[in-house]
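**Q** What follows is model36.tsv, made up of TSV, C-alpha atoms and all ligand atoms:
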```tsv
chain	number	residue	atom	x	y	z
P	1	MET	CA	8.99	-13.21	-5.64
P	2	LYS	CA	6.00	-14.08	-7.79
P	3	LEU	CA	2.54	-12.90	-6.79
P	4	LEU	CA	-0.91	-13.64	-8.14
P	5	GLN	CA	-3.45	-10.85	-7.65
P	6	ILE	CA	-7.10	-11.89	-7.58
P	7	SER	CA	-9.83	-9.46	-6.75
P	8	ASP	CA	-13.54	-9.06	-6.23
P	9	LEU	CA	-14.41	-12.74	-6.09
P	10	HIS	CA	-17.94	-12.00	-4.87
P	11	ILE	CA	-18.41	-15.64	-3.98
P	12	GLY	CA	-22.10	-16.45	-3.78
P	13	LYS	CA	-23.20	-13.74	-6.20
P	14	ARG	CA	-26.03	-14.65	-8.52
P	15	LEU	CA	-26.90	-13.55	-12.04
P	16	GLN	CA	-30.62	-12.99	-11.83
P	17	GLU	CA	-31.94	-16.39	-10.62
P	18	PHE	CA	-28.80	-18.32	-11.59
P	19	SER	CA	-26.30	-19.40	-8.93
P	20	LEU	CA	-22.75	-18.77	-10.09
P	21	ILE	CA	-21.09	-21.17	-7.66
P	22	ASP	CA	-20.03	-23.60	-10.42
P	23	ASP	CA	-18.74	-20.70	-12.52
P	24	GLN	CA	-16.80	-19.33	-9.58
P	25	ARG	CA	-15.36	-22.75	-8.74
P	26	PHE	CA	-14.27	-23.09	-12.39
P	27	VAL	CA	-12.43	-19.75	-12.20
P	28	LEU	CA	-10.79	-20.43	-8.83
P	29	ASN	CA	-9.61	-23.85	-10.06
P	30	GLN	CA	-7.87	-22.02	-12.90
P	31	ALA	CA	-6.11	-19.83	-10.35
P	32	VAL	CA	-4.90	-22.95	-8.53
P	33	GLU	CA	-3.51	-24.36	-11.82
P	34	ILE	CA	-1.67	-21.10	-12.58
P	35	ILE	CA	-0.20	-21.03	-9.07
P	36	LYS	CA	1.14	-24.55	-9.59
P	37	LYS	CA	2.39	-24.01	-13.14
P	38	ASP	CA	4.01	-20.59	-12.62
P	39	LYS	CA	5.35	-21.39	-9.15
P	40	ILE	CA	3.62	-18.48	-7.47
P	41	ASP	CA	4.94	-17.58	-4.00
P	42	ALA	CA	2.02	-15.56	-2.70
P	43	VAL	CA	-1.63	-15.00	-3.60
P	44	LEU	CA	-3.22	-11.60	-2.96
P	45	LEU	CA	-7.00	-11.63	-2.49
P	46	CYS	CA	-7.89	-7.95	-2.70
P	47	GLY	CA	-11.29	-7.82	-1.04
P	48	ASP	CA	-14.94	-8.60	-1.74
P	49	ILE	CA	-14.25	-12.25	-1.07
P	50	TYR	CA	-17.96	-12.79	-0.62
P	51	ASP	CA	-20.80	-10.96	-2.30
P	52	SER	CA	-22.65	-10.62	0.95
P	53	SER	CA	-21.85	-10.05	4.60
P	54	LEU	CA	-24.06	-13.11	5.18
P	55	PRO	CA	-22.57	-15.59	2.70
P	56	SER	CA	-24.53	-18.73	1.79
P	57	SER	CA	-23.25	-22.12	2.91
P	58	GLU	CA	-22.39	-23.04	-0.69
P	59	GLY	CA	-20.36	-19.81	-0.73
P	60	THR	CA	-18.41	-20.55	2.45
P	61	LYS	CA	-17.86	-24.11	1.20
P	62	LEU	CA	-16.30	-22.85	-2.04
P	63	TYR	CA	-14.05	-20.37	-0.22
P	64	ASP	CA	-13.04	-23.07	2.25
P	65	ASP	CA	-12.15	-25.44	-0.63
P	66	PHE	CA	-10.17	-22.68	-2.37
P	67	LEU	CA	-8.17	-21.78	0.75
P	68	SER	CA	-7.49	-25.48	1.38
P	69	SER	CA	-6.15	-25.90	-2.16
P	70	LEU	CA	-3.88	-22.88	-1.71
P	71	HIS	CA	-2.73	-24.19	1.65
P	72	SER	CA	-1.85	-27.58	0.20
P	73	LEU	CA	0.32	-25.83	-2.41
P	74	LYS	CA	2.17	-24.13	0.47
P	75	VAL	CA	1.68	-20.74	-1.13
P	76	LYS	CA	1.34	-17.69	1.14
P	77	VAL	CA	-2.11	-16.11	1.03
P	78	PHE	CA	-2.96	-12.51	1.86
P	79	VAL	CA	-6.61	-11.60	2.28
P	80	ILE	CA	-8.25	-8.25	2.93
P	81	SER	CA	-11.93	-7.53	3.45
P	82	GLY	CA	-13.80	-5.42	0.89
P	83	ASN	CA	-16.91	-3.30	1.29
P	84	HIS	CA	-19.09	-6.37	0.62
P	85	ASP	CA	-17.47	-8.50	3.33
P	86	SER	CA	-18.26	-8.61	7.01
P	87	PRO	CA	-14.84	-7.79	8.55
P	88	ASP	CA	-15.62	-9.70	11.73
P	89	LYS	CA	-16.83	-12.84	9.98
P	90	LEU	CA	-13.92	-12.87	7.52
P	91	HIS	CA	-11.60	-12.46	10.51
P	92	PHE	CA	-12.83	-15.77	11.96
P	93	GLY	CA	-9.93	-18.15	12.61
P	94	SER	CA	-7.34	-15.66	11.36
P	95	SER	CA	-4.86	-16.16	14.22
P	96	ILE	CA	-4.85	-19.90	13.47
P	97	PHE	CA	-4.65	-19.35	9.69
P	98	LYS	CA	-1.65	-17.09	10.26
P	99	GLU	CA	0.35	-20.04	11.62
P	100	GLU	CA	-0.32	-21.72	8.28
P	101	GLY	CA	0.72	-18.80	6.05
P	102	ILE	CA	-2.75	-17.39	5.44
P	103	TYR	CA	-2.85	-13.74	6.50
P	104	VAL	CA	-6.33	-12.28	6.84
P	105	THR	CA	-6.54	-8.57	7.60
P	106	THR	CA	-9.87	-6.94	8.30
P	107	ASN	CA	-9.02	-4.10	10.66
P	108	ILE	CA	-6.88	-0.99	10.54
P	109	LYS	CA	-4.53	-1.72	13.46
P	110	ASP	CA	-3.42	-5.01	11.85
P	111	SER	CA	-2.73	-3.22	8.57
P	112	LEU	CA	0.11	-1.23	10.13
P	113	ILE	CA	2.35	-4.22	10.57
P	114	PRO	CA	3.65	-5.80	7.36
P	115	TYR	CA	4.48	-9.37	6.56
P	116	SER	CA	8.25	-9.40	5.97
P	117	GLU	CA	10.27	-11.82	3.90
P	118	GLY	CA	13.81	-10.87	2.86
P	119	ASN	CA	13.72	-7.33	1.48
P	120	ILE	CA	9.96	-7.47	0.80
P	121	ASN	CA	7.25	-6.02	3.04
P	122	ILE	CA	3.60	-6.80	2.30
P	123	TYR	CA	0.96	-4.53	3.86
P	124	SER	CA	-2.73	-5.45	3.87
P	125	LEU	CA	-5.22	-2.58	3.93
P	126	PRO	CA	-8.85	-3.68	4.16
P	127	PHE	CA	-11.65	-1.43	2.87
P	128	ILE	CA	-11.75	1.52	5.23
P	129	ARG	CA	-13.96	4.53	5.62
P	130	PRO	CA	-12.86	7.79	7.30
P	131	ILE	CA	-15.09	6.95	10.28
P	132	ASP	CA	-13.16	3.69	10.85
P	133	VAL	CA	-9.87	5.62	10.96
P	134	ASN	CA	-11.36	8.22	13.28
P	135	GLU	CA	-12.64	5.57	15.68
P	136	CYS	CA	-9.36	3.67	15.60
P	137	PHE	CA	-7.05	6.61	16.28
P	138	ASN	CA	-9.45	9.18	17.72
P	139	GLU	CA	-8.98	11.50	14.76
P	140	THR	CA	-11.28	13.78	12.76
P	141	ASN	CA	-10.58	12.89	9.13
P	142	SER	CA	-13.44	14.03	6.93
P	143	SER	CA	-12.56	12.32	3.64
P	144	TYR	CA	-11.35	8.91	2.43
P	145	SER	CA	-8.12	10.56	1.26
P	146	GLU	CA	-7.36	12.05	4.65
P	147	GLY	CA	-8.25	8.81	6.41
P	148	LEU	CA	-6.08	6.69	4.16
P	149	LYS	CA	-3.18	9.14	4.29
P	150	SER	CA	-3.32	9.00	8.06
P	151	VAL	CA	-3.17	5.18	8.09
P	152	ILE	CA	-0.34	4.99	5.54
P	153	SER	CA	1.71	7.58	7.44
P	154	LYS	CA	1.52	5.36	10.53
P	155	MET	CA	3.08	2.47	8.62
P	156	ASN	CA	6.46	4.25	8.69
P	157	LEU	CA	7.51	2.66	5.41
P	158	ASP	CA	11.11	1.59	5.16
P	159	LYS	CA	11.86	2.81	1.65
P	160	SER	CA	14.97	0.68	1.36
P	161	LYS	CA	12.62	-2.32	1.21
P	162	ILE	CA	10.26	-3.37	-1.58
P	163	ASN	CA	6.89	-2.32	-0.21
P	164	ILE	CA	3.72	-3.96	-1.50
P	165	VAL	CA	0.21	-3.09	-0.41
P	166	LEU	CA	-3.18	-4.72	-0.90
P	167	SER	CA	-5.98	-2.16	-0.79
P	168	HIS	CA	-9.71	-2.12	-1.48
P	169	GLN	CA	-10.68	1.46	-2.28
P	170	MET	CA	-11.91	3.65	-5.11
P	171	VAL	CA	-8.65	4.99	-6.49
P	172	LEU	CA	-8.66	7.72	-9.11
P	173	PRO	CA	-6.07	7.25	-11.84
P	174	SER	CA	-3.93	10.17	-12.92
P	175	SER	CA	-6.58	11.08	-15.52
P	176	GLY	CA	-8.90	11.67	-12.57
P	177	GLU	CA	-11.64	9.39	-13.90
P	178	VAL	CA	-12.64	5.82	-13.08
P	179	ILE	CA	-14.75	3.93	-15.60
P	180	LEU	CA	-16.84	1.44	-13.67
P	181	ALA	CA	-17.58	-2.00	-15.09
P	182	GLY	CA	-21.23	-2.09	-14.05
P	183	SER	CA	-21.52	-4.53	-11.15
P	184	GLU	CA	-19.81	-2.47	-8.45
P	185	ASP	CA	-22.99	-1.31	-6.70
P	186	ILE	CA	-21.58	2.17	-6.65
P	187	LYS	CA	-23.99	4.88	-7.69
P	188	SER	CA	-22.86	6.63	-10.81
P	189	GLU	CA	-25.20	7.64	-13.61
P	190	ASP	CA	-22.92	7.07	-16.57
P	191	GLY	CA	-20.46	4.60	-15.10
P	192	LYS	CA	-17.90	7.34	-14.57
P	193	VAL	CA	-16.60	8.39	-11.20
P	194	ILE	CA	-14.80	11.67	-11.09
P	195	GLY	CA	-13.38	12.79	-7.78
P	196	ASP	CA	-15.91	12.63	-4.99
P	197	ILE	CA	-15.55	12.20	-1.26
P	198	SER	CA	-15.19	8.41	-1.43
P	199	THR	CA	-12.34	8.42	-3.96
P	200	VAL	CA	-8.63	8.69	-3.27
P	201	PRO	CA	-5.97	9.82	-5.73
P	202	SER	CA	-3.46	7.16	-6.75
P	203	SER	CA	-0.66	9.46	-5.52
P	204	ILE	CA	-1.62	8.45	-1.96
P	205	TYR	CA	0.14	5.14	-2.59
P	206	SER	CA	3.21	6.63	-4.28
P	207	ASP	CA	5.62	5.33	-1.62
P	208	PHE	CA	4.69	1.71	-2.41
P	209	ASP	CA	6.47	-0.27	-5.10
P	210	TYR	CA	3.37	-2.27	-6.02
P	211	VAL	CA	-0.30	-1.56	-5.22
P	212	ALA	CA	-2.70	-4.52	-5.60
P	213	LEU	CA	-6.15	-2.97	-5.82
P	214	GLY	CA	-9.66	-4.28	-5.47
P	215	HIS	CA	-13.07	-2.54	-5.69
P	216	VAL	CA	-13.43	-1.54	-9.35
P	217	HIS	CA	-14.57	-4.57	-11.38
P	218	LYS	CA	-12.75	-3.60	-14.56
P	219	TYR	CA	-9.04	-4.29	-15.09
P	220	MET	CA	-7.31	-0.94	-14.84
P	221	LYS	CA	-3.89	0.54	-14.29
P	222	VAL	CA	-4.28	3.62	-12.12
P	223	GLY	CA	-0.68	4.58	-11.51
P	224	THR	CA	2.89	3.35	-11.75
P	225	ASN	CA	2.61	-0.23	-10.51
P	226	ALA	CA	-0.93	0.29	-9.17
P	227	TYR	CA	-3.46	-2.07	-10.73
P	228	TYR	CA	-7.03	-3.20	-10.39
P	229	ALA	CA	-7.26	-6.86	-11.42
P	230	GLY	CA	-11.04	-6.49	-11.76
P	231	SER	CA	-13.69	-9.00	-10.73
P	232	ILE	CA	-13.22	-12.71	-11.51
P	233	PHE	CA	-16.46	-12.95	-13.48
P	234	LYS	CA	-18.71	-10.76	-15.63
P	235	TYR	CA	-21.13	-9.91	-12.88
P	236	HIS	CA	-23.29	-7.56	-14.95
P	237	ARG	CA	-24.63	-7.50	-18.48
P	238	ASP	CA	-22.63	-4.32	-19.08
P	239	GLU	CA	-19.49	-6.42	-18.53
P	240	ALA	CA	-20.33	-8.86	-21.34
P	241	SER	CA	-17.67	-7.39	-23.63
P	242	LEU	CA	-15.00	-7.08	-20.92
P	243	ASP	CA	-12.31	-9.68	-20.45
P	244	LYS	CA	-11.46	-10.63	-16.87
P	245	TYR	CA	-7.99	-11.24	-15.50
P	246	PHE	CA	-5.70	-12.51	-12.81
P	247	LEU	CA	-2.53	-10.44	-12.52
P	248	GLU	CA	0.81	-12.13	-12.18
P	249	ILE	CA	3.44	-9.88	-10.65
P	250	ASP	CA	7.09	-10.82	-10.90
P	251	ILE	CA	9.19	-8.82	-8.46
P	252	LYS	CA	12.94	-9.03	-8.93
P	253	SER	CA	13.93	-5.68	-7.42
P	254	LYS	CA	12.45	-2.25	-6.72
P	255	GLU	CA	13.25	-1.28	-10.31
P	256	ASP	CA	12.26	-4.58	-11.89
P	257	ILE	CA	8.58	-5.32	-11.35
P	258	LYS	CA	6.68	-6.95	-14.20
P	259	VAL	CA	2.89	-7.23	-14.32
P	260	GLU	CA	1.25	-9.73	-16.64
P	261	LYS	CA	-2.48	-10.12	-17.34
P	262	ILE	CA	-3.76	-13.68	-17.43
P	263	LYS	CA	-7.15	-13.95	-19.10
P	264	ILE	CA	-9.76	-15.88	-17.16
P	265	ASN	CA	-11.80	-18.55	-18.95
P	266	PHE	CA	-15.43	-19.17	-18.07
P	267	LEU	CA	-17.64	-22.18	-17.65
P	268	HIS	CA	-20.51	-20.14	-19.06
P	269	ASP	CA	-19.73	-16.84	-20.74
P	270	VAL	CA	-21.97	-13.77	-20.37
P	271	VAL	CA	-23.14	-12.69	-23.80
P	272	LYS	CA	-25.15	-9.67	-24.80
P	273	ILE	CA	-26.91	-10.06	-28.12
P	274	GLU	CA	-29.18	-7.79	-30.10
P	275	GLY	CA	-31.63	-8.80	-32.80
P	276	THR	CA	-35.08	-10.16	-33.51
P	277	LEU	CA	-36.12	-13.25	-31.59
P	278	ASP	CA	-35.61	-15.29	-34.78
P	279	GLU	CA	-32.16	-13.90	-35.39
P	280	ILE	CA	-31.10	-14.60	-31.82
P	281	LEU	CA	-32.46	-18.14	-31.97
P	282	LYS	CA	-30.47	-18.72	-35.18
P	283	SER	CA	-27.21	-17.26	-33.82
P	284	ASN	CA	-24.33	-19.59	-33.10
P	285	ILE	CA	-23.32	-18.27	-29.69
P	286	PRO	CA	-22.69	-21.13	-27.23
P	287	THR	CA	-26.01	-22.30	-25.84
P	288	SER	CA	-24.50	-22.52	-22.37
P	289	SER	CA	-23.99	-18.72	-22.20
P	290	TYR	CA	-25.73	-16.47	-19.74
P	291	LEU	CA	-27.63	-14.51	-22.30
P	292	PHE	CA	-28.79	-10.94	-22.32
P	293	ALA	CA	-31.12	-10.57	-25.24
P	294	LEU	CA	-32.00	-7.16	-26.53
P	295	LEU	CA	-34.96	-7.67	-28.84
P	296	THR	CA	-35.37	-5.33	-31.77
P	297	GLU	CA	-39.03	-6.09	-32.44
P	298	ARG	CA	-41.33	-3.09	-32.26
P	299	GLU	CA	-44.25	-5.09	-30.96
P	300	ILE	CA	-44.32	-6.90	-27.64
P	301	LEU	CA	-43.82	-10.64	-28.21
P	302	ILE	CA	-45.64	-13.42	-26.41
P	303	ASP	CA	-43.36	-14.95	-23.78
P	304	PRO	CA	-40.04	-14.57	-25.64
P	305	LEU	CA	-38.14	-15.68	-22.51
P	306	SER	CA	-39.55	-19.22	-22.65
P	307	LYS	CA	-38.82	-19.42	-26.37
P	308	LEU	CA	-35.23	-18.29	-25.85
P	309	ARG	CA	-34.70	-20.66	-22.94
P	310	LEU	CA	-35.56	-23.66	-25.11
P	311	LYS	CA	-32.27	-23.04	-26.91
P	312	PHE	CA	-30.42	-20.91	-24.35
P	313	PRO	CA	-31.41	-22.26	-20.91
P	314	TYR	CA	-29.32	-19.59	-19.16
P	315	THR	CA	-31.08	-16.63	-20.65
P	316	ALA	CA	-30.81	-14.21	-17.79
P	317	TRP	CA	-32.27	-11.01	-19.10
P	318	ILE	CA	-34.52	-9.90	-21.88
P	319	ASP	CA	-35.42	-6.42	-22.95
P	320	TYR	CA	-36.77	-4.55	-25.95
P	321	LYS	CA	-34.46	-2.13	-27.67
P	322	ASN	CA	-37.23	-0.10	-29.17
P	323	ARG	CA	-39.55	0.06	-26.24
P	324	MET	CA	-39.52	3.78	-26.14
P	325	GLU	CA	-39.56	5.14	-22.70
P	326	ASN	CA	-40.08	8.77	-23.55
P	327	SER	CA	-41.65	10.05	-20.41
P	328	SER	CA	-41.51	13.72	-21.30
P	329	ILE	CA	-43.46	14.51	-24.41
P	330	SER	CA	-43.43	18.19	-25.13
P	331	LEU	CA	-46.64	19.55	-26.60
P	332	ASP	CA	-46.70	23.04	-27.91
P	333	LYS	CA	-50.34	22.71	-28.84
P	334	ASP	CA	-53.44	23.42	-26.88
P	335	VAL	CA	-54.40	19.92	-25.77
P	336	GLU	CA	-57.99	20.94	-25.14
P	337	ASN	CA	-58.54	21.94	-28.72
P	338	ILE	CA	-57.06	19.08	-30.74
P	339	SER	CA	-58.73	15.84	-31.67
P	340	TYR	CA	-57.94	12.53	-29.99
P	341	GLU	CA	-56.73	11.28	-33.37
P	342	GLU	CA	-54.19	14.06	-33.63
P	343	LEU	CA	-53.17	13.71	-30.00
P	344	PHE	CA	-52.60	10.02	-30.47
P	345	SER	CA	-50.56	10.49	-33.63
P	346	ILE	CA	-48.32	13.01	-31.84
P	347	PHE	CA	-47.87	10.50	-28.99
P	348	TYR	CA	-47.11	7.71	-31.46
P	349	LYS	CA	-44.50	9.77	-33.25
P	350	GLU	CA	-42.76	10.72	-29.99
P	351	GLN	CA	-42.63	7.08	-28.89
P	352	ASN	CA	-41.65	5.47	-32.18
P	353	GLU	CA	-39.83	8.23	-33.98
P	354	GLU	CA	-41.99	7.73	-37.07
P	355	ASP	CA	-45.44	8.65	-38.27
P	356	MET	CA	-48.35	6.27	-38.10
P	357	THR	CA	-49.22	4.60	-41.37
P	358	LYS	CA	-52.55	5.32	-43.05
P	359	GLU	CA	-53.74	1.88	-41.96
P	360	GLN	CA	-52.78	2.49	-38.33
P	361	LYS	CA	-54.57	5.85	-38.37
P	362	GLU	CA	-57.72	4.14	-39.60
P	363	ILE	CA	-57.52	1.59	-36.78
P	364	VAL	CA	-57.14	4.35	-34.19
P	365	SER	CA	-60.05	6.29	-35.70
P	366	SER	CA	-62.36	3.32	-35.71
P	367	LEU	CA	-61.44	2.44	-32.12
P	368	LEU	CA	-62.01	6.00	-30.99
P	369	ASN	CA	-65.37	6.07	-32.78
P	370	LYS	CA	-66.43	2.88	-31.03
P	371	GLU	CA	-65.30	4.34	-27.72
P	372	GLU	CA	-67.37	7.46	-28.31
P	373	GLU	CA	-70.44	5.44	-29.15
P	401	MN	MN	-16.49	-5.61	-5.56
```
So, in terms of structure tokens, how does the structure I just supplied come out?
**A**
Amino acid sequence: MKLLQISDLHIGKRLQEFSLIDDQRFVLNQAVEIIKKDKIDAVLLCGDIYDSSLPSSEGTKLYDDFLSSLHSLKVKVFVISGNHDSPDKLHFGSSIFKEEGIYVTTNIKDSLIPYSEGNINIYSLPFIRPIDVNECFNETNSSYSEGLKSVISKMNLDKSKINIVLSHQMVLPSSGEVILAGSEDIKSEDGKVIGDISTVPSSIYSDFDYVALGHVHKYMKVGTNAYYAGSIFKYHRDEASLDKYFLEIDIKSKEDIKVEKIKINFLHDVVKIEGTLDEILKSNIPTSSYLFALLTEREILIDPLSKLRLKFPYTAWIDYKNRMENSSISLDKDVENISYEELFSIFYKEQNEEDMTKEQKEIVSSLLNKEEE
């Protein structure tokens, strides 16, 4: 059986003011071509189908078109809800879809019963919080790990079968550390998540033969045959240097499971570039890129965004590299008893990591003199 794992579609997400619908359509069309070419049997959509629990009409239209294309290829489709989806809305029409080979799972009870074909069982676990498990089974699990363990134990896995699971959770790899991509909307100061209450160790899934994960937006292997495909697009400037993938899984037997990364191409790439305004304007990056420009000028420029957009119309962000944001300047001097000139030169040095020039000092002095007058 050949599977295609696609995750974190976030249909309807925007990059600043730019709609990404055309970009998302471009990516999903690629998936359809791969499914045709590689004769995929089943597509796994591992949660965060939409970016919002209230998707836009252009978003629902794109998802509708995508599902219709998959349906016309007669490929099985498995869908779980992620933390961004509204489980109830995604569940709409699911009993009718099921008749057509599209299996949408958004609640815990439905996740206990697998789809079976030959010696393969496919389980679909939507994003779940401990409170959902507690409400469903009248239990008192206090962590995501406990909650998930409880659900998986109720599946009564038949280990003679090849068991596959789709799951949308924060799974810690064996190293115990997840490196986030940037667009996950999960609070973490340095992009690292190390064991907290919302994470589950990958060992929780150890009875499954393949774990198709969604939630983390960076491609990652977190355990034996447990993979995050990552999001389908670079949804954050911090993801500019990351490649994005579909995962093709070829299952021949319990012992013979091959996972292949298929790099996703983009209609417009997301590019982060650093330099002076002139340097950036002279660079040969494709003008259709969503651009994040990090300007290296020390002085604030006049409307650099408009200038950049003349050449790069999809400039999405602009920032200054050297705009020092030192908020804590430590002064070991008695502020009351030093001159304004000296105070200002200390401030300047803290902000710019260099001394003022003689000329700059003269300007400050003359301005201060005027002020005093
Ligand atoms: Mn997501």
**Q** I'd like the interatomic distance between atom CA of P:Ser145 and atom CA of P:Ser183, to a tenth of an Å.
**A** 23.7 Å
**Q** Sort by chain and increasing residue number a table of all residues of chain P within 9 Å of ligand MN 401 (chain P), each with its closest pair of atoms and their distance in Å to one decimal, counting all atoms listed in the file, and write it as CSV.
**A**
```
residue,atom,partner,partner_atom,distance
P:Ser7,CA,P:MN401,MN,7.8
P:Asp8,CA,P:MN401,MN,4.6
P:Leu9,CA,P:MN401,MN,7.4
P:His10,CA,P:MN401,MN,6.6
P:Gly47,CA,P:MN401,MN,7.2
P:Asp48,CA,P:MN401,MN,5.1
P:Ile49,CA,P:MN401,MN,8.3
P:Tyr50,CA,P:MN401,MN,8.8
P:Asp51,CA,P:MN401,MN,7.6
P:Gly82,CA,P:MN401,MN,7.0
P:Asn83,CA,P:MN401,MN,7.2
P:His84,CA,P:MN401,MN,6.7
P:His168,CA,P:MN401,MN,8.6
P:Ser183,CA,P:MN401,MN,7.6
P:Glu184,CA,P:MN401,MN,5.4
P:Asp185,CA,P:MN401,MN,7.9
P:Gly214,CA,P:MN401,MN,7.0
P:His215,CA,P:MN401,MN,4.6
P:Val216,CA,P:MN401,MN,6.3
P:His217,CA,P:MN401,MN,6.2
P:Gly230,CA,P:MN401,MN,8.3
P:Ser231,CA,P:MN401,MN,6.8
```
**Q** How would the residues just picked look written out with C-alpha atoms as a CSV table (one decimal), keeping the file's coordinate frame?
**A**
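Output file part_10.csv is given in full below:
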```csv
chain,number,residue,atom,x,y,z
P,7,SER,CA,-9.8,-9.5,-6.8
P,8,ASP,CA,-13.5,-9.1,-6.2
P,9,LEU,CA,-14.4,-12.7,-6.1
P,10,HIS,CA,-17.9,-12.0,-4.9
P,47,GLY,CA,-11.3,-7.8,-1.0
P,48,ASP,CA,-14.9,-8.6,-1.7
P,49,ILE,CA,-14.2,-12.2,-1.1
P,50,TYR,CA,-18.0,-12.8,-0.6
P,51,ASP,CA,-20.8,-11.0,-2.3
P,82,GLY,CA,-13.8,-5.4,0.9
P,83,ASN,CA,-16.9,-3.3,1.3
P,84,HIS,CA,-19.1,-6.4,0.6
P,168,HIS,CA,-9.7,-2.1,-1.5
P,183,SER,CA,-21.5,-4.5,-11.2
P,184,GLU,CA,-19.8,-2.5,-8.4
P,185,ASP,CA,-23.0,-1.3,-6.7
P,214,GLY,CA,-9.7,-4.3,-5.5
P,215,HIS,CA,-13.1,-2.5,-5.7
P,216,VAL,CA,-13.4,-1.5,-9.4
P,217,HIS,CA,-14.6,-4.6,-11.4
P,230,GLY,CA,-11.0,-6.5,-11.8
P,231,SER,CA,-13.7,-9.0,-10.7
```
**Q** Rounded to one decimal place, report the atom CA of P:Leu4-atom CA of P:Phe246 distance in Å.
**A**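 Calculated distance between atom CA of P:Leu4 and atom CA of P:Phe246 is 6.8 Å.
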**Q** Counting only C-alpha atoms, give me one row per residue of stretch 202-240 of chain P with an atom at most 12 Å from an atom of stretch 157-164 of chain P, showing the shortest contact pair and its distance in Å to one decimal, sorted by chain then residue number, as CSV.
**A**
```
residue,atom,partner,partner_atom,distance
P:Tyr205,CA,P:Ile164,CA,9.8
P:Ser206,CA,P:Asn163,CA,10.5
P:Asp207,CA,P:Lys159,CA,7.5
P:Phe208,CA,P:Asn163,CA,5.1
P:Asp209,CA,P:Asn163,CA,5.3
P:Tyr210,CA,P:Ile164,CA,4.8
P:Val211,CA,P:Ile164,CA,6.0
P:Ala212,CA,P:Ile164,CA,7.6
P:Leu213,CA,P:Ile164,CA,10.8
P:Asn225,CA,P:Ile164,CA,9.8
P:Ala226,CA,P:Ile164,CA,9.9
P:Tyr227,CA,P:Ile164,CA,11.8
```
**Q** Please, could you write that set of residues out with C-alpha atoms as a PDB file, in the coordinates of the input?
**A**
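The new file out_8.pdb reads:
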```pdb
ATOM      1  CA  TYR P 205       0.140   5.140  -2.590  1.00  0.00           C
ATOM      2  CA  SER P 206       3.210   6.630  -4.280  1.00  0.00           C
ATOM      3  CA  ASP P 207       5.620   5.330  -1.620  1.00  0.00           C
ATOM      4  CA  PHE P 208       4.690   1.710  -2.410  1.00  0.00           C
ATOM      5  CA  ASP P 209       6.470  -0.270  -5.100  1.00  0.00           C
ATOM      6  CA  TYR P 210       3.370  -2.270  -6.020  1.00  0.00           C
ATOM      7  CA  VAL P 211      -0.300  -1.560  -5.220  1.00  0.00           C
ATOM      8  CA  ALA P 212      -2.700  -4.520  -5.600  1.00  0.00           C
ATOM      9  CA  LEU P 213      -6.150  -2.970  -5.820  1.00  0.00           C
ATOM     10  CA  ASN P 225       2.610  -0.230 -10.510  1.00  0.00           C
ATOM     11  CA  ALA P 226      -0.930   0.290  -9.170  1.00  0.00           C
ATOM     12  CA  TYR P 227      -3.460  -2.070 -10.730  1.00  0.00           C
TER      13      TYR P 227
END
```
**Q** What does the structure give for the distance between atom CA of P:Lys218 and atom CA of P:Leu67, in Å to one decimal?
**A** 24.2 Å
**Q** Give me, as a PyMOL selection string, all polymer residues having an atom no more than 8 Å from P:Glu260, counting all atoms listed in the file and skipping those fewer than 2 positions away in the same chain.
**A** chain P and resi 247-249+258+262
**Q** List every residue of stretch 128-191 of chain P that has an atom at most 12 Å from any atom of stretch 95-108 of chain P, and for each one report the closest atom pair and its distance in Å to one decimal, counting all atoms listed in the file, with rows sorted by chain and then by increasing residue number, as a tab-separated table.
**A**
```
residue	atom	partner	partner_atom	distance
P:Ile128	CA	P:Ile108	CA	7.6
P:Arg129	CA	P:Ile108	CA	10.2
P:Pro130	CA	P:Ile108	CA	11.1
P:Ile131	CA	P:Ile108	CA	11.4
P:Asp132	CA	P:Ile108	CA	7.8
P:Val133	CA	P:Ile108	CA	7.3
P:Asn134	CA	P:Ile108	CA	10.6
P:Glu135	CA	P:Ile108	CA	10.1
P:Cys136	CA	P:Ile108	CA	7.3
P:Phe137	CA	P:Ile108	CA	9.5
P:Gly147	CA	P:Ile108	CA	10.7
P:Leu148	CA	P:Ile108	CA	10.0
P:Ser150	CA	P:Ile108	CA	10.9
P:Val151	CA	P:Ile108	CA	7.6
P:Ile152	CA	P:Ile108	CA	10.2
P:Lys154	CA	P:Ile108	CA	10.5
P:Met155	CA	P:Ile108	CA	10.7
P:Val165	CA	P:Thr105	CA	11.8
P:Leu166	CA	P:Thr105	CA	9.9
P:Ser167	CA	P:Thr105	CA	10.6
P:His168	CA	P:Thr106	CA	10.9
```
**Q** Go through P:Pro173, P:Gly182, P:Gly275, P:Gly12 one by one, measure the shortest atom-to-atom distance of each to P:Leu62 using only C-alpha atoms, and give the residue with the smallest value.
**A**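 Answer, going by the shortest atom-to-atom distance: P:Gly12.
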**Q** Name the closest residue to P:Gln16 among the candidates P:Ser288, P:His236, P:Ile300, P:Gln351; distances are taken between atoms, counting all atoms listed in the file.
**A**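 Of P:Ser288, P:His236, P:Ile300, P:Gln351, the one nearest P:Gln16, counting all atoms listed in the file, is P:His236.
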**Q** Can you work out which one of P:Ala229, P:Ile80, P:Ile285, P:Leu308 has the shortest atom-to-atom distance to P:Lys261, counting all atoms listed in the file?
**A**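 Closest to P:Lys261, using all atoms listed in the file: P:Ala229.
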**Q** Go through P:Thr315, P:Ser253, P:Ser153, P:Asn121 one by one, measure the shortest atom-to-atom distance of each to P:Leu281 using all atoms listed in the file, and give the residue with the smallest value.
**A**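 Of all the options, P:Thr315 lies closest to P:Leu281.
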